[in-house]
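Q: Next up is a structure, given as structure tokens.
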Amino acid sequence: MCKHHFGADDPSAAMDVTQAREVLPTNVKPVHYNLTLEPDFDKFTYEGQVVIDLDVVEDTTSISLNTNQVTIHSAKVSSGDQVVSSSPTIAHDEATQTTKFGFDQTISGGSKASLTLDFSGILNDNMAGFYRSSCKAEDGSTAYLATTQMEPTDARRAFPCFDEPALKAEFTVTLVADDKMTCLSNMDVASETTVDSKVTGGKRKAVTFNKTPLMSTYLLAFIIGELNYIETTSFRVPVRVYAPKDRDIEHGRFSLELAARTLDFYEKTFDSPFPLPKMDMIAIPDFSAGAMENWGLVTYRVVDLLIDEKVSGASVKQRVAEVVQHELAHQWFGNLVTMDFWDGLWLNEGFATWMSWYSCNVFYPDWKVWEGYVTDNLASALSLDSLRSSHPIEVPVKRADEINQIFDAISYSKGSCVLRMISKYLGEDIFMEGIRRYLKKHAYGNTQTGDLWAALADASGKDVEKVMDIWTKKVGFPVVTVTEGTDSIHVKQNRFLRTADVKPEEDETLFPVFLALRTAEGVDEELALTTREADFKVKDLDFFKLNADHSGLYRTSYSPERLHKLGVAAKQGLLTVEDRAGMIADAGALASSGYQKTSGILSLLDSFKSEKEFVVWVEIGSRISVLRSAWQFEDQAVKDALRKFQLDLCSDKAHELGWTFSDKDGHIEQQFKAMMFGTAGVAKDKTIVKAAFDMFNKFKAGDSSAIHPNLRGSVYGIVLSNGGKEEYDTILDQATKAKTVDERNTALRVLGRAKDPELIQRTLALSLSDEVKAQDIYLPISALRTHPEGIEALWKWVQDNWDELERRLPPGLTMLSSVVSLTTSSFTHKEHIKQIEAFFSTKSTKGFDKALAQCIDAISAKAAWIERDSDDVKGWLKEHGYLQ
């Protein structure tokens, strides 16, 4: 799955995490499901029948499986050609989402059995299980399609099944629908017949698909709707992109061609043929994640699959490419070889994330994605993992409601960073050879993390498990403090926490830290710190830097003098782009958590005005915005001074790059111009603000090409921050009438920048209106976090609408967690924490307790930072003429 947006204690390595899991009894094992489903689009329900063939492992008088919100009308248990029971007892346990079928006669171990169930379910609007999604029909009415989202534990919401990743089986799916509907599933169509409908009483078509290979329930998919498609035959098997009829299917062309090339590349890279007879990718109008890797039928948010290159900027194209390559990597890593339980989720997500960057780099070398890796994946991993409420990569999960919460930056970003680290340590070719051995050995099976380490050790001859186990089983990461001797450096590792209050018992893990020491002679990849502290000889102390290219998962703390020298070395071209961006990121993180003074990072940023590279500017911009948002509720004069500093820093670069685009501009240059225009515009550069209004007014007057796609979001944001109701109405109109989802989302995403109290209320009301789908509830409200008035209003809105939010975004799914994060994490003072804790003390936090703990940690960190460095920041701003 690809996440669209956004802690446990440290488990001891000896603890058996399987003990406390809520799992099904092991007396029977599913072998094959014959599943028939027929939706009713008038009542939003569906009828179903499933026949499950079972291997009976031990003598048994009952069969238990998973169900959630499905009603069972009849059940029959058979063994061989004998009916064991035509009316078994049925007991449902709501808490564990299981149903148990009991019968008098014993079925003996070693025999075969089958369970036949007739059931019905709700075609829900919660984007989980078998659900409905809506779009516009040709006559302007609302049309519906039925689709699925099973991961992690919602196959049981669609049909009764053994809903655990290790209980793989084969599936034969039949869908019953009207003739005008397209029916899709994981496999290609085997036959189509006419049957009597259970829903309409008339005739309907029944589409039966070929039997799937052995696979997990969470990867099953079926879709019924009025769809268009485009196809390519440039790969060995047909590849198609589908979309509802209200979308321009040609917008799927980029993803279609990329998918065919990517499948071919993965087959060769993994030395493993794609095992299915076709590959479909479909845009779904209502979708809670970014995309889902169902085997042979990948589902996507519209904006992550369809792209109109005429109206979308370069960053959107890169996002689509990464998502497509992420989901297709899962066809092997996750689908062919699957983790045995959800604590191994990172094996799926970490690898698919790493692989999407790896393949993106091969396909689009000019995008320089590994440079961006430092400010993207590494940044989000280190950010979440610097909180006490983080969790280890391999996190013990017991119940269904805990699983959704680990689809986060640890499983995805930290997981992929650990793989990047090990691929650097072993060398990419040896790493890939290990992956090929892993896929070959475990095809159609289930694995644990140790199996991956074993395959990599087999390929490399190195004890990979010893090195890597600590990184996946322990929470957090270290800060490595460097002190300099005369001909050597002394390095020491300690747990890094953003709240700067590490207790001795939280600092017991010693990580194997790859130091990757860069000197004038090159990089020493062999150096590693495996103890608390050690000394290393350095031939020439004039120039050195640890963590070359920032592929190591740690922060480095240097003395202010060394930081200054590194700033000079950066100007002399001695540091790579990754080194420069990573160094700024480290210095910023260390300042915000009290390891260094904030004045140090301000001086460092000031020395980077002549920086030439986009990715380094991404980090500079990100560090200033982190500082400005932490100071949101402080004295206005200080806030103005920080804005002036940002303006002073970014203005020259923004003007030098300009904000006109030509066909000659490369992928990175387009994003660079757009970002600098936006950053200087937010800091109120007069020329840029005027340019934004000029473009906007032409656009408003009917010139649809007046705002370049790369600038659309920034122009909207600038005019909303500086304008009023008239600008708001124009952008709101765009949000409701835009031709593409990308244009609509851009408009929705900036509305919160308007600070007028009446406009703030309109933005909040919009997010719960019929104009905004539940999947997009976070879009209108997200920009309210850019100003104190918005943050306060957002928090009041959450309290006033809590019951409604809980109803629309059920706690067992992921969206409520995101809304809790969005609406609380921007506060900066301890009294804010008291308000948040008081409100949630009377509520059930099931399904988002991790997110809430992480927000409170993040606020605590900001509060401590302001307390510590308020005078230091004021002093620096005064000294440099930004504050009187």
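Chain lettering (A, B, ...) mirrors the order of the structure tokens, residue numbering begins at 1 for each chain separately, and ligand numbering begins at 1 in order of display.
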So which bits of segment 527-745 of chain A end up strand (DSSP E) when you DSSP the backbone, as a ChimeraX atom specification?

A: /A:528-529,533-537,544-545,555-557

Q: Skipping near chain neighbours, those fewer than 6 positions away, what residues fall within 10 Å of Glu465 of chain A using only C-alpha atoms, listed as JSON, numbers by chain?

A: {"A": [449, 450, 451, 452, 453, 454, 456, 457, 471]}

Q: Please provide as a ChimeraX atom specification all residues within 12 Å of segment 591-593 of chain A, with the sequence filter that same-chain residues fewer than 4 positions apart are discarded (counting only C-alpha atoms).

A: /A:383,386-387,479,496-502,555-558,560,584-587,597-604,623-624,626-631,857-870,872-873

Q: How about saving the chosen residues, N, CA and C atoms kept, as a compact mmCIF listing (two decimals), in the first residue's frame?

A:
# COMPACT_ATOMS: atom_id res chain seq x y z
N SER A 383 12.21 11.98 11.79
CA SER A 383 11.27 12.86 12.50
C SER A 383 10.38 12.05 13.44
N SER A 386 12.19 10.18 16.34
CA SER A 386 12.82 10.98 17.40
C SER A 386 11.84 11.25 18.53
N LEU A 387 10.65 10.63 18.45
CA LEU A 387 9.66 10.79 19.53
C LEU A 387 9.67 9.56 20.42
N VAL A 479 22.27 9.82 18.23
CA VAL A 479 22.99 11.01 17.80
C VAL A 479 24.46 10.69 18.09
N PHE A 496 18.68 9.50 20.52
CA PHE A 496 18.26 10.86 20.20
C PHE A 496 16.75 11.00 20.41
N LEU A 497 16.36 11.95 21.24
CA LEU A 497 14.93 12.26 21.40
C LEU A 497 14.71 13.74 21.16
N ARG A 498 13.65 14.03 20.42
CA ARG A 498 13.35 15.43 20.10
C ARG A 498 13.03 16.23 21.36
N THR A 499 12.51 15.53 22.38
CA THR A 499 12.17 16.21 23.63
C THR A 499 13.39 16.42 24.53
N ALA A 500 14.54 15.92 24.11
CA ALA A 500 15.83 16.16 24.80
C ALA A 500 15.81 15.73 26.26
N ASP A 501 15.07 14.67 26.58
CA ASP A 501 14.97 14.26 28.00
C ASP A 501 15.15 12.74 28.11
N VAL A 502 16.21 12.23 27.47
CA VAL A 502 16.44 10.78 27.46
C VAL A 502 16.76 10.29 28.86
N ARG A 555 21.90 11.09 13.55
CA ARG A 555 22.24 12.51 13.47
C ARG A 555 23.69 12.65 13.94
N THR A 556 24.41 13.63 13.37
CA THR A 556 25.78 13.87 13.81
C THR A 556 25.86 15.26 14.43
N SER A 557 26.43 15.31 15.64
CA SER A 557 26.57 16.58 16.34
C SER A 557 28.04 17.01 16.35
N TYR A 558 28.32 18.12 15.68
CA TYR A 558 29.69 18.67 15.62
C TYR A 558 29.77 19.90 16.52
N PRO A 560 30.40 23.92 17.10
CA PRO A 560 30.06 25.07 16.24
C PRO A 560 31.20 25.41 15.27
N ILE A 584 22.51 20.20 7.06
CA ILE A 584 21.55 21.23 7.50
C ILE A 584 20.43 20.57 8.31
N ALA A 585 19.96 19.41 7.84
CA ALA A 585 18.89 18.69 8.55
C ALA A 585 19.35 18.31 9.95
N ASP A 586 20.57 17.77 10.06
CA ASP A 586 21.11 17.39 11.38
C ASP A 586 21.20 18.61 12.30
N ALA A 587 21.79 19.69 11.77
CA ALA A 587 21.98 20.88 12.60
C ALA A 587 20.62 21.42 13.07
N LYS A 597 22.64 25.24 19.92
CA LYS A 597 21.83 26.46 20.01
C LYS A 597 21.17 26.75 18.66
N THR A 598 19.98 27.33 18.70
CA THR A 598 19.28 27.65 17.44
C THR A 598 20.03 28.72 16.66
N SER A 599 20.75 29.61 17.36
CA SER A 599 21.53 30.63 16.66
C SER A 599 22.53 29.98 15.70
N GLY A 600 23.00 28.77 16.07
CA GLY A 600 23.96 28.05 15.21
C GLY A 600 23.35 27.67 13.87
N ILE A 601 22.12 27.16 13.90
CA ILE A 601 21.48 26.76 12.63
C ILE A 601 21.13 28.01 11.81
N LEU A 602 20.75 29.10 12.49
CA LEU A 602 20.44 30.34 11.76
C LEU A 602 21.69 30.84 11.03
N SER A 603 22.83 30.79 11.70
CA SER A 603 24.09 31.21 11.05
C SER A 603 24.45 30.28 9.90
N LEU A 604 24.23 28.98 10.12
CA LEU A 604 24.55 28.01 9.07
C LEU A 604 23.68 28.28 7.83
N ARG A 623 13.71 23.75 7.14
CA ARG A 623 14.21 24.14 8.47
C ARG A 623 13.64 25.48 8.91
N ILE A 624 13.50 26.43 7.98
CA ILE A 624 12.93 27.73 8.36
C ILE A 624 11.46 27.56 8.72
N VAL A 626 9.97 24.91 9.90
CA VAL A 626 9.88 24.23 11.20
C VAL A 626 10.05 25.26 12.34
N LEU A 627 11.04 26.14 12.17
CA LEU A 627 11.30 27.16 13.19
C LEU A 627 10.12 28.14 13.27
N ARG A 628 9.66 28.61 12.12
CA ARG A 628 8.56 29.58 12.13
C ARG A 628 7.27 28.98 12.70
N SER A 629 7.02 27.71 12.41
CA SER A 629 5.78 27.14 12.95
C SER A 629 5.90 26.85 14.44
N ALA A 630 7.11 26.55 14.92
CA ALA A 630 7.28 26.38 16.38
C ALA A 630 7.07 27.71 17.10
N TRP A 631 7.38 28.81 16.43
CA TRP A 631 7.25 30.15 17.03
C TRP A 631 5.90 30.81 16.71
N ASP A 857 3.83 14.38 22.16
CA ASP A 857 5.30 14.41 22.20
C ASP A 857 5.84 15.57 21.37
N ALA A 858 5.29 15.73 20.17
CA ALA A 858 5.77 16.78 19.26
C ALA A 858 5.53 18.16 19.85
N ILE A 859 4.39 18.37 20.50
CA ILE A 859 4.10 19.67 21.12
C ILE A 859 5.05 19.90 22.29
N SER A 860 5.27 18.87 23.11
CA SER A 860 6.21 18.98 24.24
C SER A 860 7.59 19.42 23.76
N ALA A 861 8.01 18.83 22.64
CA ALA A 861 9.34 19.16 22.10
C ALA A 861 9.41 20.63 21.70
N LYS A 862 8.34 21.13 21.06
CA LYS A 862 8.33 22.54 20.64
C LYS A 862 8.32 23.47 21.86
N ALA A 863 7.50 23.10 22.85
CA ALA A 863 7.41 23.93 24.06
C ALA A 863 8.78 24.04 24.74
N ALA A 864 9.48 22.92 24.83
CA ALA A 864 10.81 22.92 25.48
C ALA A 864 11.81 23.75 24.66
N TRP A 865 11.70 23.65 23.34
CA TRP A 865 12.60 24.38 22.44
C TRP A 865 12.43 25.89 22.64
N ILE A 866 11.18 26.33 22.67
CA ILE A 866 10.92 27.78 22.82
C ILE A 866 11.45 28.25 24.18
N GLU A 867 11.18 27.47 25.21
CA GLU A 867 11.63 27.82 26.56
C GLU A 867 13.15 27.97 26.61
N ARG A 868 13.83 27.04 25.94
CA ARG A 868 15.29 26.99 25.96
C ARG A 868 15.91 28.13 25.16
N ASP A 869 15.38 28.32 23.95
CA ASP A 869 16.12 29.13 22.97
C ASP A 869 15.45 30.44 22.55
N SER A 870 14.42 30.82 23.27
CA SER A 870 13.70 32.04 22.89
C SER A 870 14.65 33.24 22.87
N ASP A 872 17.94 33.18 22.78
CA ASP A 872 19.02 32.94 21.81
C ASP A 872 18.58 33.38 20.40
N VAL A 873 17.34 33.03 20.04
CA VAL A 873 16.81 33.40 18.72
C VAL A 873 16.68 34.92 18.61

Q: Within 6 Å of Ser216 of chain A, counting only C-alpha atoms, which residues show up once you throw out same-chain ones fewer than 3 positions away? Write them as a short mmCIF file (atom, residue, chain, number, x, y, z; two decimals) with N, CA and C atoms, in the first residue's frame, please.

A:
data_model
loop_
_atom_site.label_atom_id
_atom_site.label_comp_id
_atom_site.auth_asym_id
_atom_site.auth_seq_id
_atom_site.Cartn_x
_atom_site.Cartn_y
_atom_site.Cartn_z
N PRO A 165 -2.36 -13.13 6.97
CA PRO A 165 -1.48 -13.20 5.80
C PRO A 165 -0.86 -14.58 5.56
N LYS A 168 -2.53 -18.59 3.32
CA LYS A 168 -2.70 -18.42 1.87
C LYS A 168 -3.58 -19.53 1.29
N LEU A 219 -4.88 -9.45 -0.31
CA LEU A 219 -4.52 -9.04 -1.67
C LEU A 219 -5.62 -9.33 -2.68
#

Q: Show me, as a list in words, the residues that have an atom within 10 Å of Asp366 of chain A when counting only C-alpha atoms, minus same-chain residues fewer than 6 positions from it.

A: Cys360, Gly666, His667 and Ile668 of chain A

Q: Pull the alpha helix (DSSP H) assignments for segment 185-405 of chain A out of DSSP run on the backbone, and list those residues as number ranges by chain.

A: A: 253-270, 314-330, 345-363, 369-375, 377-385, 400-403

Q: Within 10 Å of Gly582 of chain A, counting only C-alpha atoms, which residues show up once you throw out same-chain ones fewer than 5 positions away? Write them as number ranges by chain, please.

A: A: 371, 374-375, 378-379, 547-551, 555-556, 576-577, 587-588, 615-616, 619

Q: I'd like the neighbourhood of Pro709 of chain A as a list in words, where a residue qualifies if any of its atoms comes within 7 Å (using only C-alpha atoms), though same-chain residues fewer than 6 positions away should be ignored.

A: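 The neighbour list is Val311, Ser312 and Gly313 of chain A.
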
Q: Atom CA of Leu123 of chain A and atom CA of Lys205 of chain A, how far apart in Å?

A: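 Rounded to one decimal, the two atoms are 19.5 Å apart.
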
Q: Between atom CA of Lys684 of chain A and atom CA of Asp663 of chain A, what is the distance in Å, rounded to a tenth?

A: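 Atom CA of Asp663 of chain A lies at a distance of 28.6 Å from atom CA of Lys684 of chain A.
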
Q: Using only C-alpha atoms, which of A:Phe209, A:Phe363, A:Phe171, A:Trp342 sits nearest Glu22 of chain A?

A: A:Trp342

Q: Nearest residue to Met339 of chain A out of A:Leu167, A:Ala783, A:Leu605, A:Leu649, using only C-alpha atoms?

A: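 Of the candidates, the smallest distance to Met339 of chain A is held by A:Leu167.
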
Q: Quick one: of A:Glu151, A:Asp729, A:Asp385, A:Glu743, who's nearest to Ile707 of chain A, counting only C-alpha atoms?

A: A:Glu743

Q: Listing only residues of segment 661-772 of chain A within 10 Å of segment 241-260 of chain A, what is the closest atom pair and its distance in Å (to one decimal) for each, using only C-alpha atoms, sorted by chain and residue number ascending, as JSON lines?

A:
{"residue": "A:Lys739", "atom": "CA", "partner": "A:Arg247", "partner_atom": "CA", "distance": 8.9}
{"residue": "A:Thr740", "atom": "CA", "partner": "A:Arg247", "partner_atom": "CA", "distance": 8.2}
{"residue": "A:Val741", "atom": "CA", "partner": "A:Arg247", "partner_atom": "CA", "distance": 9.5}

Q: To one decimal place, how far is atom CA of Ala754 of chain A from atom CA of Ala654 of chain A in Å?

A: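 Taking atom CA of Ala754 of chain A as the start and atom CA of Ala654 of chain A as the end point, the length is 23.9 Å.
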
Q: For a quick check of understanding, using only C-alpha atoms, which of A:Glu526, A:Glu322, A:Asp542, A:Asp304 has the smallest distance to Thr353 of chain A?

A: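 Among the listed residues, A:Glu322 lies closest to Thr353 of chain A.
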
Q: Under the rule that only C-alpha atoms are counted, which of A:Pro160, A:Pro275, A:Gly296, A:Gly201 is the nearest residue to Arg240 of chain A?

A: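 For Arg240 of chain A, the nearest of the given residues is A:Gly296.
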